[in-house]
$ cat query.cif   # mmCIF, C-alpha atoms
data_query
loop_
_atom_site.label_atom_id
_atom_site.label_comp_id
_atom_site.auth_asym_id
_atom_site.auth_seq_id
_atom_site.Cartn_x
_atom_site.Cartn_y
_atom_site.Cartn_z
CA MET A 1 76.24 85.16 126.53
CA PHE A 2 75.05 88.72 126.19
CA THR A 3 78.19 89.77 124.32
CA ARG A 4 77.86 86.80 122.01
CA THR A 5 74.26 87.68 121.15
CA VAL A 6 75.00 91.33 120.57
CA ALA A 7 78.02 90.46 118.49
CA SER A 8 76.08 88.05 116.28
CA THR A 9 73.36 90.61 115.75
CA LEU A 10 75.85 93.28 114.84
CA LEU A 11 77.80 90.94 112.60
CA ARG A 12 74.68 90.15 110.61
CA ALA A 13 73.63 93.75 110.31
CA SER A 14 75.92 94.56 107.41
CA ALA A 15 74.23 97.90 106.93
CA ARG A 16 75.48 98.99 110.32
CA PRO A 17 78.83 97.34 110.72
CA ALA A 18 80.34 99.94 113.03
CA ALA A 19 80.73 97.78 116.10
CA PHE A 20 82.57 94.53 115.66
CA ARG A 21 83.03 93.02 119.06
CA ALA A 22 85.74 90.68 120.11
CA PRO A 23 84.73 88.18 122.74
CA ALA A 24 85.74 89.06 126.27
CA HIS A 25 88.39 86.35 126.34
CA ALA A 26 90.08 87.82 123.29
CA LEU A 27 90.32 91.22 124.93
CA ARG A 28 91.69 89.68 128.09
CA ALA A 29 94.20 87.77 126.04
CA SER A 30 95.43 91.04 124.64
CA LEU A 31 96.71 92.03 128.06
CA SER A 32 98.33 88.91 129.44
CA PRO A 33 101.24 88.11 127.09
CA TRP A 34 102.60 91.65 127.37
CA ALA A 35 102.53 92.14 131.08
CA PRO A 36 106.09 90.85 131.68
CA LEU A 37 107.49 93.12 128.95
CA SER A 38 106.25 96.45 130.16
CA GLY A 39 109.53 97.32 131.89
CA LEU A 40 111.45 97.58 128.63
CA THR A 41 112.12 100.94 127.02
CA PRO A 42 111.41 101.59 123.35
CA PHE A 43 115.20 101.67 122.73
CA GLN A 44 115.56 98.10 123.86
CA ALA A 45 112.74 97.22 121.52
CA ARG A 46 114.63 98.28 118.38
CA LEU A 47 115.63 94.75 117.60
CA ILE A 48 112.91 92.29 118.34
CA SER A 49 113.84 90.11 121.32
CA ASP A 50 113.23 86.38 121.58
CA GLN A 51 110.78 87.17 124.35
CA THR A 52 108.79 89.50 122.10
CA ARG A 53 108.89 87.06 119.22
CA THR A 54 107.57 84.27 121.44
CA ALA A 55 104.82 86.53 122.78
CA ILE A 56 103.79 87.52 119.24
CA ASP A 57 103.92 83.86 118.14
CA LYS A 58 101.43 83.13 120.92
CA ALA A 59 99.24 86.10 119.99
CA VAL A 60 99.15 85.06 116.33
CA ALA A 61 98.19 81.52 117.33
CA SER A 62 95.59 82.63 119.89
CA ALA A 63 92.69 82.51 117.40
CA PRO A 64 92.07 81.61 113.75
CA VAL A 65 91.59 85.31 112.92
CA VAL A 66 93.90 87.76 114.69
CA LEU A 67 94.02 91.50 114.20
CA PHE A 68 96.75 93.76 115.55
CA MET A 69 95.19 97.18 115.75
CA LYS A 70 95.27 100.61 117.34
CA GLY A 71 92.57 100.68 120.01
CA THR A 72 89.95 98.01 120.63
CA PRO A 73 87.24 96.61 118.35
CA GLU A 74 84.72 98.71 120.29
CA THR A 75 86.78 101.90 120.06
CA PRO A 76 89.40 101.84 117.32
CA GLN A 77 91.92 104.67 117.72
CA CYS A 78 92.71 105.05 114.02
CA GLY A 79 90.69 105.14 110.82
CA PHE A 80 92.61 102.27 109.24
CA SER A 81 92.03 100.01 112.23
CA ARG A 82 88.38 101.04 112.22
CA ALA A 83 88.09 100.09 108.53
CA ALA A 84 89.65 96.69 109.20
CA ILE A 85 87.22 95.99 112.06
CA GLN A 86 84.27 97.08 109.92
CA ILE A 87 85.30 94.76 107.11
CA LEU A 88 85.63 91.78 109.48
CA GLY A 89 82.16 92.67 110.79
CA ILE A 90 80.62 92.87 107.32
CA GLN A 91 82.24 89.57 106.37
CA GLY A 92 80.60 87.96 109.40
CA VAL A 93 83.71 86.68 111.13
CA ASN A 94 82.75 84.62 114.16
CA PRO A 95 83.72 86.54 117.34
CA GLU A 96 84.63 83.22 118.96
CA LYS A 97 87.27 82.70 116.29
CA PHE A 98 88.63 86.21 116.52
CA ALA A 99 91.12 87.99 118.74
CA ALA A 100 92.21 91.61 118.67
CA PHE A 101 95.43 92.99 120.12
CA ASN A 102 95.76 96.66 120.91
CA VAL A 103 99.30 97.73 119.98
CA LEU A 104 98.83 101.03 121.82
CA GLU A 105 98.88 99.08 125.07
CA ASP A 106 102.52 98.16 124.65
CA PRO A 107 105.37 99.84 122.76
CA GLU A 108 107.18 96.49 122.54
CA LEU A 109 104.28 94.98 120.66
CA ARG A 110 103.76 98.11 118.58
CA GLU A 111 107.33 98.05 117.23
CA GLY A 112 107.80 94.30 117.46
CA ILE A 113 104.86 93.42 115.24
CA LYS A 114 106.25 95.58 112.44
CA GLU A 115 109.49 93.63 112.37
CA TYR A 116 107.77 90.29 113.03
CA SER A 117 105.52 90.70 109.98
CA ASP A 118 108.00 92.79 107.97
CA TRP A 119 105.15 95.25 107.57
CA PRO A 120 105.46 98.94 108.46
CA THR A 121 101.90 99.82 109.38
CA ILE A 122 99.03 98.88 111.70
CA PRO A 123 96.48 97.21 111.41
CA GLN A 124 97.77 93.77 110.49
CA LEU A 125 95.62 90.71 109.91
CA TYR A 126 96.60 87.09 110.45
CA VAL A 127 94.44 84.12 109.46
CA ASP A 128 95.44 80.64 110.63
CA GLY A 129 98.84 81.97 111.60
CA GLU A 130 99.51 83.45 108.18
CA PHE A 131 99.98 87.16 107.50
CA VAL A 132 97.26 88.40 105.15
CA GLY A 133 98.04 92.12 104.98
CA GLY A 134 97.16 95.57 106.18
CA CYS A 135 94.22 97.85 105.58
CA ASP A 136 94.79 98.42 101.83
CA ILE A 137 94.99 94.70 101.12
CA LEU A 138 91.97 93.98 103.29
CA VAL A 139 89.90 96.59 101.46
CA SER A 140 90.88 95.32 98.00
CA MET A 141 90.35 91.67 98.98
CA HIS A 142 86.99 92.62 100.47
CA GLN A 143 85.91 94.41 97.30
CA GLY A 144 87.24 91.70 94.99
CA GLY A 145 85.55 88.85 96.90
CA ASP A 146 88.83 87.14 97.83
CA LEU A 147 88.35 87.82 101.52
CA ALA A 148 84.90 86.19 101.63
CA LYS A 149 86.33 83.18 99.79
CA MET A 150 89.25 82.86 102.19
CA PHE A 151 87.11 83.23 105.33
CA GLU A 152 84.68 80.62 104.01
CA GLU A 153 87.48 78.18 103.23
CA LYS A 154 89.00 78.70 106.67
CA LYS A 155 85.54 78.24 108.25
CA VAL A 156 85.83 81.32 110.46
CA LEU A 157 82.46 82.88 109.65
CA VAL A 158 79.41 82.87 111.91
CA GLU A 159 77.71 79.50 111.43
CA GLY A 160 74.76 79.50 109.07
CA GLU A 161 75.86 82.77 107.48
CA ALA A 162 76.77 81.19 104.14
CA GLU A 163 73.63 79.05 104.16
CA ALA A 164 71.43 82.03 104.92
CA GLU A 165 72.93 83.93 102.03
CA LYS A 166 72.29 81.11 99.60
CA LYS A 167 68.61 81.00 100.55
CA GLU A 168 68.09 84.71 100.02
CA MET B 169 115.43 112.95 106.45
CA ALA B 170 114.18 116.07 104.71
CA GLN B 171 110.51 116.93 104.95
CA ILE B 172 108.50 114.48 102.90
CA SER B 173 106.14 115.96 100.35
CA ASP B 174 103.83 114.51 97.71
CA GLU B 175 106.43 115.66 95.17
CA SER B 176 109.36 113.87 96.86
CA MET B 177 107.25 110.73 97.29
CA ARG B 178 106.30 110.78 93.63
CA GLU B 179 109.94 111.09 92.60
CA ALA B 180 111.04 108.27 94.90
CA ILE B 181 108.29 105.96 93.62
CA THR B 182 109.03 106.73 89.97
CA GLN B 183 112.76 106.11 90.40
CA ARG B 184 112.77 103.13 92.73
CA LEU B 185 109.78 101.20 91.41
CA GLY B 186 110.03 102.01 87.71
CA ALA B 187 106.54 103.44 87.87
CA VAL B 188 105.00 104.63 84.60
CA HIS B 189 102.24 106.52 86.37
CA VAL B 190 102.09 107.80 89.94
CA THR B 191 99.65 109.93 91.83
CA VAL B 192 100.47 110.87 95.40
CA THR B 193 97.98 112.80 97.47
CA ASP B 194 98.95 114.48 100.70
CA MET B 195 96.03 113.74 103.03
CA SER B 196 97.63 115.41 106.03
CA GLY B 197 96.62 118.95 105.25
CA GLY B 198 100.26 119.94 104.72
CA CYS B 199 102.21 118.51 107.65
CA GLY B 200 103.57 115.71 105.47
CA GLN B 201 102.32 112.90 107.65
CA ALA B 202 99.73 111.10 105.55
CA PHE B 203 99.81 110.06 101.92
CA THR B 204 97.56 108.14 99.57
CA SER B 205 99.05 106.86 96.34
CA LEU B 206 98.29 105.10 93.10
CA ILE B 207 101.31 103.34 91.64
CA ILE B 208 101.34 101.89 88.14
CA SER B 209 104.44 99.82 87.44
CA PRO B 210 105.28 96.85 85.22
CA GLN B 211 107.29 95.49 88.18
CA PHE B 212 103.99 94.40 89.78
CA GLN B 213 103.36 91.93 86.95
CA GLY B 214 102.90 88.40 88.30
CA LEU B 215 102.90 89.49 91.94
CA ASN B 216 99.90 89.17 94.24
CA SER B 217 98.64 92.10 96.26
CA LEU B 218 100.73 91.25 99.34
CA LYS B 219 103.95 90.96 97.31
CA ARG B 220 103.25 94.24 95.50
CA HIS B 221 102.79 96.06 98.78
CA ARG B 222 105.91 94.41 100.20
CA LEU B 223 107.86 95.64 97.17
CA VAL B 224 106.59 99.19 97.71
CA ASN B 225 107.17 99.04 101.47
CA ALA B 226 110.77 97.92 100.90
CA ALA B 227 111.44 100.64 98.32
CA LEU B 228 110.00 103.36 100.58
CA LYS B 229 111.13 101.94 103.92
CA ASP B 230 112.54 105.18 105.37
CA GLU B 231 109.75 107.36 104.04
CA ILE B 232 106.99 105.14 105.39
CA ALA B 233 108.73 104.91 108.76
CA ALA B 234 108.84 108.71 108.94
CA ILE B 235 105.17 109.34 108.18
CA HIS B 236 102.06 108.50 110.14
CA ALA B 237 99.73 107.11 107.50
CA TRP B 238 100.43 105.44 104.20
CA THR B 239 98.05 103.83 101.76
CA ALA B 240 98.81 102.54 98.28
CA LYS B 241 97.04 101.01 95.31
CA CYS B 242 99.43 98.97 93.18
CA GLN B 243 98.54 98.09 89.59
CA THR B 244 100.28 96.93 86.45
CA PRO B 245 99.88 99.12 83.32
CA ASP B 246 97.45 96.53 81.86
CA GLU B 247 95.24 96.54 84.96
CA TYR B 248 95.30 100.31 85.06
CA GLU B 249 94.22 100.58 81.41
CA ARG B 250 91.43 98.08 81.98
CA ASP B 251 90.18 100.12 84.94
CA GLN B 252 90.40 103.34 82.96
CA ALA B 253 88.39 101.77 80.12
CA LYS B 254 85.81 100.54 82.63
CA ASP B 255 85.51 103.99 84.18
CA LYS B 256 85.10 105.54 80.74
CA ALA B 257 82.39 103.04 79.83
CA LYS B 258 80.62 103.82 83.07
CA ALA B 259 80.92 107.55 82.51
CA SER B 260 79.47 107.38 79.00
CA GLU B 261 76.72 105.06 80.25
CA SER B 262 75.63 107.53 82.88
CA ALA B 263 75.91 110.35 80.36
CA ASP B 264 73.52 108.44 78.10
CA VAL B 265 71.08 108.10 80.94
CA VAL B 266 71.20 111.79 81.65
CA MET B 267 70.76 112.68 78.00
CA GLY B 268 68.06 110.04 77.42
#

$ encode --input "query.cif" --output "structure tokens"
Amino acid sequence: MFTRTVASTLLRASARPAAFRAPAHALRASLSPWAPLSGLTPFQARLISDQTRTAIDKAVASAPVVLFMKGTPETPQCGFSRAAIQILGIQGVNPEKFAAFNVLEDPELREGIKEYSDWPTIPQLYVDGEFVGGCDILVSMHQGGDLAKMFEEKKVLVEGEAEAEKKE
Amino acid sequence: MAQISDESMREAITQRLGAVHVTVTDMSGGCGQAFTSLIISPQFQGLNSLKRHRLVNAALKDEIAAIHAWTAKCQTPDEYERDQAKDKAKASESADVVMG
């Protein structure tokens, strides 16, 4: 409950969006699907295996909003991943509808996700199982208002957020 | 692949994407690992942001794979001109304020 409260507070504080927290279950989820794959070498990972594809399918479907990133929401290991997390925080994405996967935890995931999405860079955002884009696209959609519109339509924002904004 | 530079990236983008205007900035401090770019091409016409980036990613597949960080802004000539005009308007506005 503590995490939830802190997360909501941080999500609302758009002036200080630095820490977007994933719920504990999302972070745990980032470990489990990859455990059986850790024995593979990066060479075997050149062509995405059925096993990897299935694991990524599961990861993508694990929450309405899924981010593949370098590091964790608390400590992103790359500026682009940090920017993505900050944007999701500013938008007010509900932590209960969000999962983050740290690609640095597994080389299979790190290479596999690039082929899976046909996208060469990390971070990568999925919403309702659909690839949205990387950091550049997120930034431009954020600035242009398209991201807010999409998140609202998909009902993935913290409840009451939209209402509160209307009243202001 | 030969060392990637802002110059070689600019050439590749101009040739492969029919770009009419390209700026490539090496953000790596010289090691050739991080680039930021602005790409103006009529080929982006009618494509959404995701499709534009996919087009660029496909055209620069080997280059992007070889570098650490890549960021691009993809506009059509019309969008670029509109932005330029907006910037100019803003600049003259703020100049007025300063002078006033």

$ residues_near_point --input "query.cif" --point "(103.8, 96.5, 102.5)" --cutoff "12 Å" --atoms "only C-alpha atoms" --output "VMD selection string"
(chain A and resid 114 to 115 117 to 124 131 to 137) or (chain B and resid 216 to 229 232 to 233 238 to 242)

$ residues_around --input "query.cif" --residues "Glu247 of chain B" --least-positions-apart "3" --cutoff "12 Å" --atoms "only C-alpha atoms" --output "tab-separated table (two decimals) with C-alpha atoms, in the coordinates of the input"
chain	number	residue	atom	x	y	z
B	207	ILE	CA	101.31	103.34	91.64
B	208	ILE	CA	101.34	101.89	88.14
B	209	SER	CA	104.44	99.82	87.44
B	210	PRO	CA	105.28	96.85	85.22
B	212	PHE	CA	103.99	94.40	89.78
B	213	GLN	CA	103.36	91.93	86.95
B	214	GLY	CA	102.90	88.40	88.30
B	241	LYS	CA	97.04	101.01	95.31
B	242	CYS	CA	99.43	98.97	93.18
B	243	GLN	CA	98.54	98.09	89.59
B	244	THR	CA	100.28	96.93	86.45
B	250	ARG	CA	91.43	98.08	81.98
B	251	ASP	CA	90.18	100.12	84.94
B	252	GLN	CA	90.40	103.34	82.96
B	253	ALA	CA	88.39	101.77	80.12
B	254	LYS	CA	85.81	100.54	82.63

$ resolve_selection --input "query.cif" --expression "the PyMOL selection byres ((chain B and resi 187-201) around 7)" --output "number ranges by chain"
B: 172-174, 178, 181-182, 185-186, 202-209, 235-237

$ write_last_selection --input "query.cif" --atoms "C-alpha atoms" --output "tab-separated table (two decimals), keeping the file's coordinate frame"
chain	number	residue	atom	x	y	z
B	172	ILE	CA	108.50	114.48	102.90
B	173	SER	CA	106.14	115.96	100.35
B	174	ASP	CA	103.83	114.51	97.71
B	178	ARG	CA	106.30	110.78	93.63
B	181	ILE	CA	108.29	105.96	93.62
B	182	THR	CA	109.03	106.73	89.97
B	185	LEU	CA	109.78	101.20	91.41
B	186	GLY	CA	110.03	102.01	87.71
B	202	ALA	CA	99.73	111.10	105.55
B	203	PHE	CA	99.81	110.06	101.92
B	204	THR	CA	97.56	108.14	99.57
B	205	SER	CA	99.05	106.86	96.34
B	206	LEU	CA	98.29	105.10	93.10
B	207	ILE	CA	101.31	103.34	91.64
B	208	ILE	CA	101.34	101.89	88.14
B	209	SER	CA	104.44	99.82	87.44
B	235	ILE	CA	105.17	109.34	108.18
B	236	HIS	CA	102.06	108.50	110.14
B	237	ALA	CA	99.73	107.11	107.50

$ atom_distance --input "query.cif" --atom1 "atom CA of Asp57 of chain A" --atom2 "atom CA of Phe98 of chain A"
15.6 Å

$ closest_residue --input "query.cif" --among "B:Ala180, B:Ser262, B:Glu231, B:Lys256" --to "chain A" --atoms "only C-alpha atoms"
B:Glu231

$ atom_distance --input "query.cif" --atom1 "atom CA of Ala59 of chain A" --atom2 "atom CA of Met150 of chain A"
20.7 Å

$ residues_around --input "query.cif" --residues "segment 65-74 of chain A" --least-positions-apart "3" --cutoff "7 Å" --atoms "all atoms listed in the file" --output "list in words"
Ala19, Phe20, Arg21, Ala22, Val60, Gln77, Cys78, Ser81, Ile85, Lys97, Phe98, Ala99, Ala100, Phe101, Asn102, Val103, Leu104, Ile122, Pro123, Gln124, Leu125, Tyr126, Val127 and Asp128 of chain A

$ atom_distance --input "query.cif" --atom1 "atom CA of Gln91 of chain A" --atom2 "atom CA of Leu147 of chain A"
8.0 Å

$ residues_around --input "query.cif" --residues "Ile87 of chain A" --least-positions-apart "4" --cutoff "8 Å" --atoms "all atoms listed in the file" --output "VMD selection string"
chain A and resid 17 83 91 138 to 139 142

$ closest_residue --input "query.cif" --among "A:Glu159, A:Asp146, A:Glu108, A:Glu96" --to "chain B" --atoms "all atoms listed in the file"
A:Asp146

$ closest_residue --input "query.cif" --among "A:Asp106, A:Glu130, A:Glu153, A:Asp50" --to "chain B" --atoms "all atoms listed in the file"
A:Glu130

$ closest_residue --input "query.cif" --among "A:Gly129, A:Val158, A:Gly79, A:Gln143" --to "Lys58 of chain A" --atoms "only C-alpha atoms"
A:Gly129
